[in-house]
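Everything below concerns the one structure shown next.
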Amino acid sequence: MNDIGFGLTMTVLGMGSVFSVLIVVWGVLVLIGRVDRPETTASATHTLDETQPAAATNQLAPEEIAAIAVAVRLYTASLRREAAPTIRSYWPGSLLFASRWVAAGRTRQNQSWQRRR
Amino acid sequence: MSEFITNLFAGFAALTWQSLVMIGIAAFLFYLAIVHNYEPLLLIPIGAGALLANLPLSPLLDEDGMLTVLYNAGVGNELFPLLIFIGIGALTDFSPLLSNPRMVLLGAAGQFGIFGTLLLALALGFSRPEAASIGIIGAIDGPTSIYVSSLLAPQLLGPITVAAYSYMSLVPVIMPPIIRLLTTPAERRIRMEYVTRPVGRRTRILFPIVITIVVGILVPFSIPLIGMLMLGNLMRESGVVERLTNTSSRELANIVTLFLGLAIGSTMEGTRFLQPATLAILALGILAFALDTAAGLLFGKFLNLISRGRFNPVIGAAGISAFPMAARVVQKLVNEEDFENFLLMHAMGANAAGQIASVVAGGVVLALMGAGS
């Protein structure tokens with residue numbers, strides 16, 4: 001019974017403390033948001049005309065857009081290579097984008113060195 | 001001659017039924033990780049630790065054995081969970097919370113499972129520090145559970161960690177029936193507007209610094225946890241230490257996860273692990289998850305009431321930690337009722353709040369238990 005009383009006290013104090021701390025955090029977050037309010041510019045407040053392409057792409061030449069697209073694809077491929085398991089090469093059968101382990105020839109040690117019978 | 005034979009087969013002679021059962025449990029952890037993909041990064045090292053610790057006469061558990069060294073180096077002094085927190089901070093995007101700060105309250109509600117489970121553990125006869133450690137499974141955050149239980153009840157570290165991480169991977173299984181039970185289809189169909197409030201770079205950088213100071217002053221026991229979480233996030237948002245951010249969230253996190261898993265697995269030694277208390281902890285752990293979800297939902301219903309039906313109560317369920325899985329489960333359940341209802345960013349806000357709230361709750365539990373005094 002004594003322990004249950006202790007548990008109930010813990011529950012009331014614990015939940016009360018968690019809520020209190022997080023209410024303070026809420027206030028702090030609102031305050032930070034107010035301090036760092038982005039300046040509203042004319043371009044930010046104007047309504048978008050849906051018949052026109054987005055302003056960002058409108059200002060770029062087709063060559064620039066193509067260059068950005070290629071850069072994004074290359075960057076994505078690079079990330080994918082990094083994410084590939086290090087115990088196998090990036091693409092089956094290819095050592096072109098091999099992982100560090102494969103590139104260092106470490107996986108060859110796992111292959112049998114005995115002549116096939 | 002017989003002495004030679006005895007020495008040669010010492011392993012067989014030292015085999016006990018407990019070690020055999022634990023080897024089976026290690027195999028089960030491997031099965032869950034490899035076949036069902038349940039938290040494989042954790043369950044494979046934990047399974048390996050359990051296997052190696054339960055092989056008879058394992059030198060890895062000697063005074064200078066590798067598993068003992070790992071345990072003393074990173075679990076006994078709480079180093080490993082804190083290092084993992086740097087990686088979690090570097091991976092977490094708090095902008096959904098920053099653009100909608102009121103969601104922070106849902107994170108608080110999602111911690112009720114800690115205290116509800118603590119009450120039940122006390123009723124089952126666990127000591128106060130043990131009950132608090134079991135309750136902290138309800139923080140639904142592996143490193144927090146490890147940190148708190150290693151301070152309050154290190155003897156229960158094994159089952160508590162296994163429960164915390166296993167159930168975390170079962171969030172998509174545990175949450176949906178509770179959500180369906182406590183909400184109506186009409187409630188799940190409620191759509192919520194997005195207030196497009198841009199989050200500036202200055203806000204993102206100020207957030208980890210200010211939160212560390214505020215939470216650190218209010219709950220000093222949470223300084224290690226919140227400090228490391230926010231350090232990782234500051235590195236990410238500052239954008240000036242990309243190498244450190246990448247290392248923290250990849251290499252460091254991977255290395256520490258491996259060491260942590262092995263060290264935790266080594267605590268699952270048969271004679272200590274195979275106790276009725278372990279079964280009780282596993283049962284209480286799942287209850288902690290259910291209570292958290294239910295409390296979050298009920299708080300969501302309360303917000304629905306005071307907002308005159310404009311708040312979707314299902315978002316409350318994302319207030320538990322388990323970042324970002326809980327938010328994804330919420331979105332999936334909402335989509336079952338209305339395919340065009342997109343609440344993911346609201347749910348992510350609540351989920352990010354749950355991440356902070358679980359750390360705060362861990363510090364509060366330690367403070368209330370007078371840890372370290």
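Identifiers for the structure tokens are assigned positionally: chains receive A, B, ... in sequence, residues are indexed from 1 per chain, and ligands are indexed from 1 in the order shown.
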
Check: Which residues come within 12 Å of region 27-31 of chain A, counting only C-alpha atoms, excluding same-chain residues fewer than 5 positions away, as a PyMOL selection string?
Finding: (chain A and resi 20-22+36-37) or (chain B and resi 94-105+197+199+203-204+206-215+353)

With C-alpha atoms kept, could you save the residues just selected as a PDB file, in the first residue's frame?
ATOM      1  CA  SER A  20       5.142  22.003 -16.863  1.00  0.00           C
ATOM      2  CA  VAL A  21       8.550  21.704 -18.540  1.00  0.00           C
ATOM      3  CA  LEU A  22       6.991  21.211 -21.949  1.00  0.00           C
ATOM      4  CA  ASP A  36      13.103  35.273 -35.855  1.00  0.00           C
ATOM      5  CA  ARG A  37      10.042  36.233 -37.866  1.00  0.00           C
TER       6      ARG A  37
ATOM      7  CA  PHE B  94      12.588  19.395 -35.592  1.00  0.00           C
ATOM      8  CA  SER B  95      11.106  21.858 -38.105  1.00  0.00           C
ATOM      9  CA  PRO B  96       7.572  20.309 -38.010  1.00  0.00           C
ATOM     10  CA  LEU B  97       7.581  21.054 -34.286  1.00  0.00           C
ATOM     11  CA  LEU B  98       9.109  24.509 -34.730  1.00  0.00           C
ATOM     12  CA  SER B  99       6.436  25.485 -37.224  1.00  0.00           C
ATOM     13  CA  ASN B 100       3.675  24.254 -34.901  1.00  0.00           C
ATOM     14  CA  PRO B 101       4.906  24.553 -31.280  1.00  0.00           C
ATOM     15  CA  ARG B 102       1.582  23.670 -29.622  1.00  0.00           C
ATOM     16  CA  MET B 103       2.203  20.047 -30.631  1.00  0.00           C
ATOM     17  CA  VAL B 104       4.689  19.892 -27.773  1.00  0.00           C
ATOM     18  CA  LEU B 105       1.817  19.150 -25.370  1.00  0.00           C
ATOM     19  CA  ARG B 197       4.962  29.247 -41.254  1.00  0.00           C
ATOM     20  CA  VAL B 199      11.180  28.159 -40.120  1.00  0.00           C
ATOM     21  CA  THR B 203      15.382  29.572 -35.397  1.00  0.00           C
ATOM     22  CA  ARG B 204      16.770  26.144 -36.243  1.00  0.00           C
ATOM     23  CA  LEU B 206      18.680  28.814 -31.688  1.00  0.00           C
ATOM     24  CA  PHE B 207      16.367  25.878 -30.937  1.00  0.00           C
ATOM     25  CA  PRO B 208      18.972  23.331 -29.733  1.00  0.00           C
ATOM     26  CA  ILE B 209      20.914  25.945 -27.761  1.00  0.00           C
ATOM     27  CA  VAL B 210      17.896  27.429 -26.005  1.00  0.00           C
ATOM     28  CA  ILE B 211      16.270  24.039 -25.322  1.00  0.00           C
ATOM     29  CA  THR B 212      19.503  22.742 -23.764  1.00  0.00           C
ATOM     30  CA  ILE B 213      19.670  25.767 -21.461  1.00  0.00           C
ATOM     31  CA  VAL B 214      15.974  25.796 -20.526  1.00  0.00           C
ATOM     32  CA  VAL B 215      15.502  22.031 -20.034  1.00  0.00           C
ATOM     33  CA  ALA B 353       7.771  16.630 -29.335  1.00  0.00           C
TER      34      ALA B 353
END

Note to self: Could you tell me which residues of chain B sit within 6 Å of chain A when counting only C-alpha atoms, and give me the result as a list in words?
What the structure shows: Pro101, Ala108, Phe115, Leu119 and Ala361 of chain B

Margin query: Excluding Ile320 (chain B) and its own-chain neighbours fewer than 5 positions away, which residues fall within 9 Å of it when counting only C-alpha atoms? Please give them as a list in words.
Written below: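 The residues that qualify are Leu106, Gly107, Ala108, Ala109, Gly110, Gln111, Gly138, Ala139, Ile140, Phe289, Asp292, Thr293, Gly296, Ala326, Ala350, Asn351, Ala353, Gly354, Gln355, Ala357 and Ser358 of chain B.
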
Notebook entry, point to check: Neighbours of Leu82 (chain B) within 8 Å (only C-alpha atoms; same-chain residues fewer than 2 positions away dropped), as a list in words?
Noted result: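 Using only C-alpha atoms, the neighbours found are Glu78, Leu79, Phe80, Ile84, Phe85, Ile86, Pro143, Tyr147, Pro224, Leu225 and Met228 of chain B.
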
Next item on the list: With a distance cut-off of 12 Å and only C-alpha atoms, select the neighbouring residues of Ala131 (chain B), excluding the residue or stretch itself and same-chain residues fewer than 6 positions from it, and output the selection as a PyMOL selection string.
Entry: (chain A and resi 3-4+6-7+10) or (chain B and resi 114-125+137-138+148-149+152-153+156+160+277+280-281+284-285+288+365+369)

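Shortest atom-to-atom contact with Ala163 (chain B) among B:Gly309, B:Gly135, B:Pro177, B:Pro198: B:Gly135, counting only C-alpha atoms.
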
Next item on the list: Using only C-alpha atoms, find the one residue out of B:Asn304, B:Thr271, B:Ser248, B:Asn233 that sits nearest to Val21 (chain B).
Entry: B:Thr271

Counting only C-alpha atoms, what is within 12 Å of Phe342 (chain B), bar same-chain residues fewer than 6 positions away, as a PDB file with N, CA, C and O atoms, in the first residue's frame?
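New file part23.pdb:
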ATOM      1  N   ARG B 188     -11.253   9.990 -37.359  1.00  0.00           N
ATOM      2  CA  ARG B 188     -10.030   9.742 -38.148  1.00  0.00           C
ATOM      3  C   ARG B 188     -10.076  10.464 -39.499  1.00  0.00           C
ATOM      4  O   ARG B 188      -9.053  10.640 -40.140  1.00  0.00           O
ATOM      5  N   ARG B 189     -11.286  10.850 -39.905  1.00  0.00           N
ATOM      6  CA  ARG B 189     -11.419  11.535 -41.210  1.00  0.00           C
ATOM      7  C   ARG B 189     -11.222  13.050 -41.088  1.00  0.00           C
ATOM      8  O   ARG B 189     -11.172  13.741 -42.101  1.00  0.00           O
ATOM      9  N   ILE B 190     -11.096  13.555 -39.884  1.00  0.00           N
ATOM     10  CA  ILE B 190     -10.990  15.027 -39.712  1.00  0.00           C
ATOM     11  C   ILE B 190      -9.741  15.536 -40.417  1.00  0.00           C
ATOM     12  O   ILE B 190      -8.639  15.026 -40.210  1.00  0.00           O
ATOM     13  N   ARG B 191      -9.935  16.544 -41.257  1.00  0.00           N
ATOM     14  CA  ARG B 191      -8.789  17.159 -41.948  1.00  0.00           C
ATOM     15  C   ARG B 191      -8.341  18.394 -41.181  1.00  0.00           C
ATOM     16  O   ARG B 191      -9.161  19.079 -40.568  1.00  0.00           O
ATOM     17  N   MET B 192      -7.064  18.638 -41.247  1.00  0.00           N
ATOM     18  CA  MET B 192      -6.520  19.817 -40.542  1.00  0.00           C
ATOM     19  C   MET B 192      -5.742  20.690 -41.519  1.00  0.00           C
ATOM     20  O   MET B 192      -4.999  20.173 -42.360  1.00  0.00           O
ATOM     21  N   GLU B 193      -5.927  21.998 -41.352  1.00  0.00           N
ATOM     22  CA  GLU B 193      -5.237  22.945 -42.230  1.00  0.00           C
ATOM     23  C   GLU B 193      -3.759  23.022 -41.866  1.00  0.00           C
ATOM     24  O   GLU B 193      -3.386  22.821 -40.707  1.00  0.00           O
ATOM     25  N   TYR B 194      -2.941  23.293 -42.851  1.00  0.00           N
ATOM     26  CA  TYR B 194      -1.530  23.565 -42.575  1.00  0.00           C
ATOM     27  C   TYR B 194      -1.315  25.070 -42.569  1.00  0.00           C
ATOM     28  O   TYR B 194      -1.684  25.754 -43.514  1.00  0.00           O
ATOM     29  N   ASN B 312      -7.693  16.570 -35.227  1.00  0.00           N
ATOM     30  CA  ASN B 312      -7.819  15.116 -35.416  1.00  0.00           C
ATOM     31  C   ASN B 312      -7.141  14.401 -34.241  1.00  0.00           C
ATOM     32  O   ASN B 312      -5.924  14.504 -34.078  1.00  0.00           O
ATOM     33  N   ILE B 315      -3.689  12.221 -34.093  1.00  0.00           N
ATOM     34  CA  ILE B 315      -2.350  12.804 -34.011  1.00  0.00           C
ATOM     35  C   ILE B 315      -1.772  12.625 -32.603  1.00  0.00           C
ATOM     36  O   ILE B 315      -0.561  12.513 -32.429  1.00  0.00           O
ATOM     37  N   ALA B 327       4.574   8.559 -36.306  1.00  0.00           N
ATOM     38  CA  ALA B 327       3.905   9.512 -37.199  1.00  0.00           C
ATOM     39  C   ALA B 327       3.465   8.820 -38.488  1.00  0.00           C
ATOM     40  O   ALA B 327       2.383   9.096 -39.022  1.00  0.00           O
ATOM     41  N   ARG B 328       4.304   7.916 -38.973  1.00  0.00           N
ATOM     42  CA  ARG B 328       3.951   7.204 -40.208  1.00  0.00           C
ATOM     43  C   ARG B 328       2.735   6.300 -39.991  1.00  0.00           C
ATOM     44  O   ARG B 328       1.872   6.168 -40.860  1.00  0.00           O
ATOM     45  N   VAL B 330       0.324   6.817 -37.865  1.00  0.00           N
ATOM     46  CA  VAL B 330      -0.840   7.705 -37.784  1.00  0.00           C
ATOM     47  C   VAL B 330      -1.317   8.083 -39.180  1.00  0.00           C
ATOM     48  O   VAL B 330      -2.503   8.003 -39.501  1.00  0.00           O
ATOM     49  N   GLN B 331      -0.371   8.475 -40.037  1.00  0.00           N
ATOM     50  CA  GLN B 331      -0.736   8.869 -41.405  1.00  0.00           C
ATOM     51  C   GLN B 331      -1.405   7.702 -42.143  1.00  0.00           C
ATOM     52  O   GLN B 331      -2.390   7.868 -42.846  1.00  0.00           O
ATOM     53  N   LYS B 332      -0.874   6.505 -41.935  1.00  0.00           N
ATOM     54  CA  LYS B 332      -1.410   5.334 -42.620  1.00  0.00           C
ATOM     55  C   LYS B 332      -2.856   5.059 -42.188  1.00  0.00           C
ATOM     56  O   LYS B 332      -3.721   4.787 -43.015  1.00  0.00           O
ATOM     57  N   LEU B 333      -3.105   5.168 -40.880  1.00  0.00           N
ATOM     58  CA  LEU B 333      -4.454   4.899 -40.381  1.00  0.00           C
ATOM     59  C   LEU B 333      -5.446   5.960 -40.839  1.00  0.00           C
ATOM     60  O   LEU B 333      -6.601   5.652 -41.127  1.00  0.00           O
ATOM     61  N   VAL B 334      -4.980   7.202 -40.895  1.00  0.00           N
ATOM     62  CA  VAL B 334      -5.849   8.279 -41.367  1.00  0.00           C
ATOM     63  C   VAL B 334      -6.190   8.052 -42.836  1.00  0.00           C
ATOM     64  O   VAL B 334      -7.333   8.231 -43.259  1.00  0.00           O
ATOM     65  N   ASN B 335      -5.198   7.608 -43.605  1.00  0.00           N
ATOM     66  CA  ASN B 335      -5.417   7.347 -45.035  1.00  0.00           C
ATOM     67  C   ASN B 335      -6.377   6.196 -45.274  1.00  0.00           C
ATOM     68  O   ASN B 335      -7.024   6.131 -46.321  1.00  0.00           O
ATOM     69  N   GLU B 336      -6.474   5.273 -44.339  1.00  0.00           N
ATOM     70  CA  GLU B 336      -7.422   4.164 -44.500  1.00  0.00           C
ATOM     71  C   GLU B 336      -8.861   4.678 -44.565  1.00  0.00           C
ATOM     72  O   GLU B 336      -9.707   4.099 -45.219  1.00  0.00           O
ATOM     73  N   MET B 348       4.279  14.483 -37.410  1.00  0.00           N
ATOM     74  CA  MET B 348       5.734  14.576 -37.201  1.00  0.00           C
ATOM     75  C   MET B 348       6.050  15.592 -36.109  1.00  0.00           C
ATOM     76  O   MET B 348       6.994  15.422 -35.330  1.00  0.00           O
TER      77      MET B 348
END
